[in-house]
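Have a look at structure05.pdb below; it lists PDB, C-alpha atoms, pLDDT in the B column.
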```pdb
ATOM      1  CA  MET A1471      82.982 -71.569  -4.284  1.00 75.00           C
ATOM      2  CA  HIS A1472      81.879 -69.049  -1.688  1.00 77.00           C
ATOM      3  CA  PRO A1473      82.188 -70.548   1.828  1.00 75.00           C
ATOM      4  CA  GLU A1474      79.066 -68.788   3.171  1.00 74.00           C
ATOM      5  CA  LYS A1475      76.921 -69.668   0.165  1.00 74.00           C
ATOM      6  CA  SER A1476      78.049 -73.283  -0.119  1.00 74.00           C
ATOM      7  CA  LYS A1477      76.874 -75.821   2.403  1.00 74.00           C
ATOM      8  CA  ILE A1478      75.641 -79.374   2.684  1.00 73.00           C
ATOM      9  CA  VAL A1479      71.916 -79.524   3.338  1.00 73.00           C
ATOM     10  CA  TYR A1480      69.917 -82.429   4.752  1.00 76.00           C
ATOM     11  CA  CYS A1481      66.852 -83.037   2.563  1.00 71.00           C
ATOM     12  CA  LYS A1482      64.408 -83.691   5.390  1.00 77.00           C
ATOM     13  CA  ASP A1483      61.048 -85.241   4.465  1.00 72.00           C
ATOM     14  CA  SER A1484      58.646 -87.898   5.748  1.00 73.00           C
ATOM     15  CA  ASN A1485      61.153 -90.687   5.048  1.00 72.00           C
ATOM     16  CA  ARG A1486      64.218 -88.832   6.374  1.00 76.00           C
ATOM     17  CA  THR A1487      63.439 -87.540   9.852  1.00 76.00           C
ATOM     18  CA  GLU A1488      66.866 -86.901  11.370  1.00 75.00           C
ATOM     19  CA  GLN A1489      67.605 -83.557  12.981  1.00 79.00           C
ATOM     20  CA  HIS A1490      70.251 -81.425  11.234  1.00 77.00           C
ATOM     21  CA  MET A1491      71.312 -77.796  11.380  1.00 73.00           C
ATOM     22  CA  HIS A1492      70.775 -77.030   7.671  1.00 76.00           C
ATOM     23  CA  VAL A1493      67.519 -78.280   6.160  1.00 73.00           C
ATOM     24  CA  SER A1494      66.909 -75.597   3.519  1.00 82.00           C
ATOM     25  CA  PHE A1495      68.716 -73.613   0.853  1.00 84.00           C
ATOM     26  CA  THR A1496      67.879 -70.882  -1.654  1.00 85.00           C
ATOM     27  CA  PHE A1497      68.723 -71.047  -5.341  1.00 84.00           C
ATOM     28  CA  LEU A1498      67.501 -68.786  -8.176  1.00 89.00           C
ATOM     29  CA  GLY A1499      64.717 -67.245  -6.082  1.00 90.00           C
ATOM     30  CA  PHE A1500      63.422 -70.581  -4.791  1.00 92.00           C
ATOM     31  CA  THR A1501      63.819 -71.916  -1.273  1.00 88.00           C
ATOM     32  CA  PHE A1502      64.109 -75.677  -1.118  1.00 90.00           C
ATOM     33  CA  LYS A1503      62.846 -76.918   2.242  1.00 87.00           C
ATOM     34  CA  PRO A1504      60.500 -79.445   3.851  1.00 86.00           C
ATOM     35  CA  ARG A1505      56.904 -78.561   2.938  1.00 86.00           C
ATOM     36  CA  LYS A1506      53.493 -80.137   3.323  1.00 86.00           C
ATOM     37  CA  ALA A1507      52.219 -82.089   0.322  1.00 85.00           C
ATOM     38  CA  TYR A1508      49.442 -84.511  -0.534  1.00 86.00           C
ATOM     39  CA  SER A1509      50.053 -87.994  -1.871  1.00 83.00           C
ATOM     40  CA  LYS A1510      48.074 -89.502  -4.753  1.00 87.00           C
ATOM     41  CA  GLN A1511      45.869 -91.142  -2.138  1.00 88.00           C
ATOM     42  CA  GLY A1512      45.137 -87.755  -0.535  1.00 87.00           C
ATOM     43  CA  MET A1513      47.303 -88.308   2.531  1.00 86.00           C
ATOM     44  CA  LEU A1514      49.305 -85.423   3.972  1.00 88.00           C
ATOM     45  CA  PHE A1515      53.067 -85.896   4.189  1.00 85.00           C
ATOM     46  CA  THR A1516      56.292 -83.869   4.247  1.00 84.00           C
ATOM     47  CA  ALA A1517      58.297 -83.473   1.049  1.00 83.00           C
ATOM     48  CA  PHE A1518      61.460 -81.545   0.207  1.00 83.00           C
ATOM     49  CA  LEU A1519      60.087 -79.026  -2.314  1.00 86.00           C
ATOM     50  CA  PRO A1520      61.028 -75.681  -3.877  1.00 90.00           C
ATOM     51  CA  GLY A1521      58.878 -72.591  -3.442  1.00 91.00           C
ATOM     52  CA  ALA A1522      59.305 -68.851  -3.882  1.00 93.00           C
ATOM     53  CA  SER A1523      61.858 -67.574  -1.372  1.00 93.00           C
ATOM     54  CA  LYS A1524      61.112 -64.948   1.270  1.00 94.00           C
ATOM     55  CA  ASP A1525      63.407 -62.506  -0.521  1.00 95.00           C
ATOM     56  CA  ALA A1526      61.615 -63.069  -3.837  1.00 96.00           C
ATOM     57  CA  LEU A1527      58.219 -62.522  -2.204  1.00 96.00           C
ATOM     58  CA  LYS A1528      59.539 -59.380  -0.548  1.00 97.00           C
ATOM     59  CA  ARG A1529      60.820 -58.059  -3.898  1.00 96.00           C
ATOM     60  CA  MET A1530      57.428 -58.715  -5.490  1.00 96.00           C
ATOM     61  CA  ARG A1531      55.578 -56.852  -2.715  1.00 96.00           C
ATOM     62  CA  GLN A1532      58.053 -53.963  -3.014  1.00 97.00           C
ATOM     63  CA  ALA A1533      57.418 -53.858  -6.763  1.00 96.00           C
ATOM     64  CA  VAL A1534      53.673 -53.617  -6.110  1.00 96.00           C
ATOM     65  CA  ARG A1535      54.352 -50.711  -3.736  1.00 96.00           C
ATOM     66  CA  ARG A1536      56.478 -49.001  -6.398  1.00 96.00           C
ATOM     67  CA  TRP A1537      53.527 -49.179  -8.791  1.00 95.00           C
ATOM     68  CA  ARG A1538      51.822 -46.602  -6.521  1.00 94.00           C
ATOM     69  CA  LEU A1539      48.389 -47.772  -7.540  1.00 91.00           C
ATOM     70  CA  ASN A1540      46.615 -45.443  -5.149  1.00 86.00           C
ATOM     71  CA  ARG A1541      48.086 -42.492  -7.086  1.00 90.00           C
ATOM     72  CA  GLN A1542      46.742 -43.702 -10.430  1.00 90.00           C
ATOM     73  CA  THR A1543      43.154 -42.605  -9.905  1.00 89.00           C
ATOM     74  CA  HIS A1544      42.950 -41.023 -13.360  1.00 93.00           C
ATOM     75  CA  VAL A1545      42.838 -44.450 -15.063  1.00 93.00           C
ATOM     76  CA  THR A1546      40.191 -47.171 -15.052  1.00 94.00           C
ATOM     77  CA  LEU A1547      40.524 -50.570 -13.435  1.00 94.00           C
ATOM     78  CA  ALA A1548      40.817 -52.133 -16.899  1.00 94.00           C
ATOM     79  CA  ASP A1549      43.765 -49.830 -17.661  1.00 95.00           C
ATOM     80  CA  VAL A1550      45.445 -50.858 -14.403  1.00 95.00           C
ATOM     81  CA  ALA A1551      44.923 -54.510 -15.332  1.00 95.00           C
ATOM     82  CA  ARG A1552      46.311 -53.994 -18.832  1.00 95.00           C
ATOM     83  CA  LEU A1553      49.374 -52.273 -17.388  1.00 95.00           C
ATOM     84  CA  TYR A1554      50.293 -54.790 -14.669  1.00 96.00           C
ATOM     85  CA  ASN A1555      48.971 -58.130 -15.934  1.00 96.00           C
ATOM     86  CA  PRO A1556      52.197 -58.899 -17.865  1.00 96.00           C
ATOM     87  CA  VAL A1557      54.207 -58.509 -14.652  1.00 96.00           C
ATOM     88  CA  ILE A1558      51.801 -60.655 -12.622  1.00 95.00           C
ATOM     89  CA  ARG A1559      51.764 -63.293 -15.377  1.00 95.00           C
ATOM     90  CA  GLY A1560      55.571 -63.382 -15.404  1.00 95.00           C
ATOM     91  CA  TRP A1561      55.731 -63.879 -11.646  1.00 95.00           C
ATOM     92  CA  TRP A1562      53.186 -66.677 -11.840  1.00 94.00           C
ATOM     93  CA  GLN A1563      54.921 -68.422 -14.708  1.00 93.00           C
ATOM     94  CA  TYR A1564      58.288 -68.338 -12.943  1.00 94.00           C
ATOM     95  CA  TYR A1565      57.462 -68.738  -9.254  1.00 93.00           C
ATOM     96  CA  GLY A1566      54.211 -70.638  -9.745  1.00 88.00           C
ATOM     97  CA  SER A1567      56.041 -73.543 -11.329  1.00 85.00           C
ATOM     98  CA  PHE A1568      56.604 -75.108  -7.911  1.00 87.00           C
ATOM     99  CA  TYR A1569      54.562 -74.963  -4.711  1.00 85.00           C
ATOM    100  CA  ARG A1570      52.078 -72.402  -5.937  1.00 86.00           C
ATOM    101  CA  THR A1571      50.647 -71.589  -2.529  1.00 87.00           C
ATOM    102  CA  ALA A1572      53.873 -69.743  -1.657  1.00 87.00           C
ATOM    103  CA  ILE A1573      53.057 -66.940  -4.116  1.00 90.00           C
ATOM    104  CA  LEU A1574      49.397 -66.509  -3.145  1.00 90.00           C
ATOM    105  CA  SER A1575      50.306 -64.030  -0.400  1.00 91.00           C
ATOM    106  CA  VAL A1576      51.605 -61.645  -3.078  1.00 94.00           C
ATOM    107  CA  PHE A1577      48.274 -61.907  -4.881  1.00 94.00           C
ATOM    108  CA  GLY A1578      46.528 -60.899  -1.663  1.00 94.00           C
ATOM    109  CA  HIS A1579      48.894 -57.937  -1.415  1.00 96.00           C
ATOM    110  CA  ILE A1580      47.947 -56.886  -4.962  1.00 96.00           C
ATOM    111  CA  ASP A1581      44.255 -57.100  -4.060  1.00 95.00           C
ATOM    112  CA  GLN A1582      44.836 -54.906  -1.007  1.00 95.00           C
ATOM    113  CA  ALA A1583      46.574 -52.341  -3.212  1.00 96.00           C
ATOM    114  CA  LEU A1584      43.624 -52.440  -5.623  1.00 96.00           C
ATOM    115  CA  ALA A1585      41.204 -51.876  -2.729  1.00 95.00           C
ATOM    116  CA  ARG A1586      43.292 -48.845  -1.659  1.00 95.00           C
ATOM    117  CA  TRP A1587      43.133 -47.619  -5.254  1.00 95.00           C
ATOM    118  CA  ALA A1588      39.335 -47.912  -5.198  1.00 95.00           C
ATOM    119  CA  ARG A1589      39.077 -46.050  -1.871  1.00 94.00           C
ATOM    120  CA  ARG A1590      41.036 -43.179  -3.309  1.00 94.00           C
ATOM    121  CA  LYS A1591      39.302 -43.143  -6.713  1.00 93.00           C
ATOM    122  CA  TYR A1592      35.675 -43.425  -5.621  1.00 93.00           C
ATOM    123  CA  LYS A1593      34.234 -40.986  -3.098  1.00 93.00           C
ATOM    124  CA  SER A1594      31.657 -43.510  -1.849  1.00 93.00           C
ATOM    125  CA  LEU A1595      34.456 -45.922  -0.838  1.00 92.00           C
ATOM    126  CA  TYR A1596      36.729 -43.344   0.808  1.00 93.00           C
ATOM    127  CA  GLY A1597      37.643 -44.503   4.325  1.00 91.00           C
ATOM    128  CA  ARG A1598      35.683 -47.750   4.002  1.00 93.00           C
ATOM    129  CA  LYS A1599      38.069 -50.709   3.927  1.00 93.00           C
ATOM    130  CA  ARG A1600      35.461 -53.437   4.095  1.00 95.00           C
ATOM    131  CA  ARG A1601      33.217 -51.836   1.507  1.00 96.00           C
ATOM    132  CA  SER A1602      36.143 -51.341  -0.898  1.00 95.00           C
ATOM    133  CA  SER A1603      37.133 -55.001  -0.475  1.00 95.00           C
ATOM    134  CA  GLU A1604      33.531 -56.052  -1.099  1.00 96.00           C
ATOM    135  CA  TRP A1605      33.425 -53.808  -4.183  1.00 96.00           C
ATOM    136  CA  LEU A1606      36.599 -55.425  -5.483  1.00 95.00           C
ATOM    137  CA  GLY A1607      35.148 -58.878  -4.779  1.00 94.00           C
ATOM    138  CA  LYS A1608      32.044 -57.986  -6.770  1.00 96.00           C
ATOM    139  CA  ILE A1609      34.178 -56.786  -9.697  1.00 95.00           C
ATOM    140  CA  ARG A1610      36.127 -60.027  -9.439  1.00 94.00           C
ATOM    141  CA  GLU A1611      32.929 -62.076  -9.663  1.00 94.00           C
ATOM    142  CA  GLU A1612      31.679 -60.079 -12.652  1.00 94.00           C
ATOM    143  CA  THR A1613      34.978 -60.141 -14.570  1.00 93.00           C
ATOM    144  CA  PRO A1614      37.141 -62.964 -13.177  1.00 92.00           C
ATOM    145  CA  ARG A1615      39.655 -62.678 -16.033  1.00 93.00           C
ATOM    146  CA  LEU A1616      40.328 -58.961 -15.651  1.00 94.00           C
ATOM    147  CA  PHE A1617      43.457 -59.533 -13.569  1.00 95.00           C
ATOM    148  CA  TYR A1618      45.674 -62.518 -14.275  1.00 94.00           C
ATOM    149  CA  HIS A1619      45.947 -63.560 -10.627  1.00 94.00           C
ATOM    150  CA  TRP A1620      42.142 -63.647 -10.291  1.00 92.00           C
ATOM    151  CA  ASP A1621      41.910 -66.090 -13.195  1.00 87.00           C
ATOM    152  CA  VAL A1622      44.709 -68.260 -11.776  1.00 83.00           C
ATOM    153  CA  ARG A1623      43.008 -68.502  -8.365  1.00 72.00           C
ATOM    154  CA  GLU A1624      39.741 -69.546  -9.995  1.00 63.00           C
ATOM    155  CA  GLN A1625      41.530 -72.278 -11.920  1.00 63.00           C
ATOM    156  CA  GLN A1626      43.115 -73.634  -8.742  1.00 57.00           C
ATOM    157  CA  VAL A1627      39.849 -73.805  -6.801  1.00 43.00           C
ATOM    158  CA  GLY A1628      37.886 -75.542  -9.567  1.00 35.00           C
TER     159      GLY A1628
END
```

Would you mind writing the structure in this file as structure tokens?
Amino acid sequence: MHPEKSKIVYCKDSNRTEQHMHVSFTFLGFTFKPRKAYSKQGMLFTAFLPGASKDALKRMRQAVRRWRLNRQTHVTLADVARLYNPVIRGWWQYYGSFYRTAILSVFGHIDQALARWARRKYKSLYGRKRRSSEWLGKIREETPRLFYHWDVREQQVG
């Protein structure tokens, strides 16, 4: 066993409140640490839960940057969705298994990249961040299943 990678971790939660140096660890792209959760009665408490690690989230955002969406102005939004939905679905199915709110920041990053794409593709949106975000929101309302992460967010809210 690797001495830097192996350690004893205290699983701190609402029932175990002692102070220890190590209260989290990362394994297979998930960080296990104390997180907020709701009980069956709707009460907020602290539980020791896995969620997507910071490194995994960083790799996902870097992958979105490597897509270079703003350079793909020759394709339609439906083509962009068809191209990247399998990747987004894979991330959701793996990292969304536990503590789904941890991955929602990546979905926001994807939406920002799509808004940049729209600003570059459409002359009327060029240089207008708010208007491009509103345009994307309107497209999202009209076709909520176009992108996989839009459909997943709708399912969580309702």

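Residues matched by the PyMOL selection byres ((chain A and resi 1599) around 12) in this file: Asp1581, Gln1582, Ala1583, Leu1584, Ala1585, Arg1586, Trp1587, Ala1588, Arg1589, Arg1590, Ser1594, Leu1595, Tyr1596, Gly1597, Arg1598, Arg1600, Arg1601, Ser1602, Ser1603, Glu1604, Trp1605 and Leu1606 of chain A.
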
Could you please take those selected residues and save C-alpha atoms as a tab-separated table (two decimals), keeping the file's coordinate frame?
```tsv
chain	number	residue	atom	x	y	z
A	1581	ASP	CA	44.26	-57.10	-4.06
A	1582	GLN	CA	44.84	-54.91	-1.01
A	1583	ALA	CA	46.57	-52.34	-3.21
A	1584	LEU	CA	43.62	-52.44	-5.62
A	1585	ALA	CA	41.20	-51.88	-2.73
A	1586	ARG	CA	43.29	-48.84	-1.66
A	1587	TRP	CA	43.13	-47.62	-5.25
A	1588	ALA	CA	39.34	-47.91	-5.20
A	1589	ARG	CA	39.08	-46.05	-1.87
A	1590	ARG	CA	41.04	-43.18	-3.31
A	1594	SER	CA	31.66	-43.51	-1.85
A	1595	LEU	CA	34.46	-45.92	-0.84
A	1596	TYR	CA	36.73	-43.34	0.81
A	1597	GLY	CA	37.64	-44.50	4.32
A	1598	ARG	CA	35.68	-47.75	4.00
A	1600	ARG	CA	35.46	-53.44	4.10
A	1601	ARG	CA	33.22	-51.84	1.51
A	1602	SER	CA	36.14	-51.34	-0.90
A	1603	SER	CA	37.13	-55.00	-0.48
A	1604	GLU	CA	33.53	-56.05	-1.10
A	1605	TRP	CA	33.42	-53.81	-4.18
A	1606	LEU	CA	36.60	-55.42	-5.48
```

Starting from the shown file, work through the PyMOL selection byres ((chain A and resi 1522) around 10) and note down what comes out as an MDAnalysis selection string.
chainID A and resid 1496:1502 1520:1521 1523:1527 1561 1564:1573

Which residues are close to stretch 1611-1617 of chain A, i.e. within 12 Å by all atoms listed in the file, leaving aside same-chain residues fewer than 6 positions away? Reply as a list in words.
Thr1546, Leu1547, Ala1548, Asp1549, Val1550, Ala1551, Arg1552, Leu1553, Tyr1554, Asn1555, Pro1556, Val1557, Ile1558, Arg1559, Phe1577, Ile1580, Asp1581, Leu1584, Glu1604, Trp1605, Arg1623, Glu1624 and Gln1625 of chain A

Export C-alpha atoms of the chosen residues as an mmCIF file, keeping the file's coordinate frame?
```cif
data_model
loop_
_atom_site.group_PDB
_atom_site.id
_atom_site.type_symbol
_atom_site.label_atom_id
_atom_site.label_comp_id
_atom_site.auth_asym_id
_atom_site.auth_seq_id
_atom_site.Cartn_x
_atom_site.Cartn_y
_atom_site.Cartn_z
ATOM 1 C CA THR A 1546 40.191 -47.171 -15.052
ATOM 2 C CA LEU A 1547 40.524 -50.570 -13.435
ATOM 3 C CA ALA A 1548 40.817 -52.133 -16.899
ATOM 4 C CA ASP A 1549 43.765 -49.830 -17.661
ATOM 5 C CA VAL A 1550 45.445 -50.858 -14.403
ATOM 6 C CA ALA A 1551 44.923 -54.510 -15.332
ATOM 7 C CA ARG A 1552 46.311 -53.994 -18.832
ATOM 8 C CA LEU A 1553 49.374 -52.273 -17.388
ATOM 9 C CA TYR A 1554 50.293 -54.790 -14.669
ATOM 10 C CA ASN A 1555 48.971 -58.130 -15.934
ATOM 11 C CA PRO A 1556 52.197 -58.899 -17.865
ATOM 12 C CA VAL A 1557 54.207 -58.509 -14.652
ATOM 13 C CA ILE A 1558 51.801 -60.655 -12.622
ATOM 14 C CA ARG A 1559 51.764 -63.293 -15.377
ATOM 15 C CA PHE A 1577 48.274 -61.907 -4.881
ATOM 16 C CA ILE A 1580 47.947 -56.886 -4.962
ATOM 17 C CA ASP A 1581 44.255 -57.100 -4.060
ATOM 18 C CA LEU A 1584 43.624 -52.440 -5.623
ATOM 19 C CA GLU A 1604 33.531 -56.052 -1.099
ATOM 20 C CA TRP A 1605 33.425 -53.808 -4.183
ATOM 21 C CA ARG A 1623 43.008 -68.502 -8.365
ATOM 22 C CA GLU A 1624 39.741 -69.546 -9.995
ATOM 23 C CA GLN A 1625 41.530 -72.278 -11.920
#
```

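Straight-line separation from atom CA of A:Val1479 to atom CA of A:Ala1517: 14.4 Å.
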
So that all listed atoms of stretch 1590-1595 of chain A fit with 6 Å spare on each side, what axis-aligned box centre and edge lengths in Å, to one decimal, would you give as AutoDock Vina command-line options?
```
--center_x 36.3 --center_y -43.5 --center_z -3.8 --size_x 21.4 --size_y 16.9 --size_z 17.9
```

Grab the atom CA of A:Lys1475 to atom CA of A:Phe1518 distance for me, in Å with one decimal place.
19.5 Å

In Å to one decimal, how far is atom CA of A:Asp1621 from atom CA of A:Ile1609?
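Separating atom CA of A:Ile1609 from atom CA of A:Asp1621 is a distance of 12.6 Å.
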
Target residues per the PyMOL selection byres ((chain A and resi 1505) around 7), formatted as a list in words:
Lys1503, Pro1504, Lys1506, Ala1507, Thr1516, Ala1517, Phe1518 and Leu1519 of chain A

Using all atoms listed in the file, what residues lie at most 12 Å away from (76.6, -72.5, 0.5) (file coordinates), given as a ChimeraX atom specification?
/A:1471-1479,1492,1494-1497
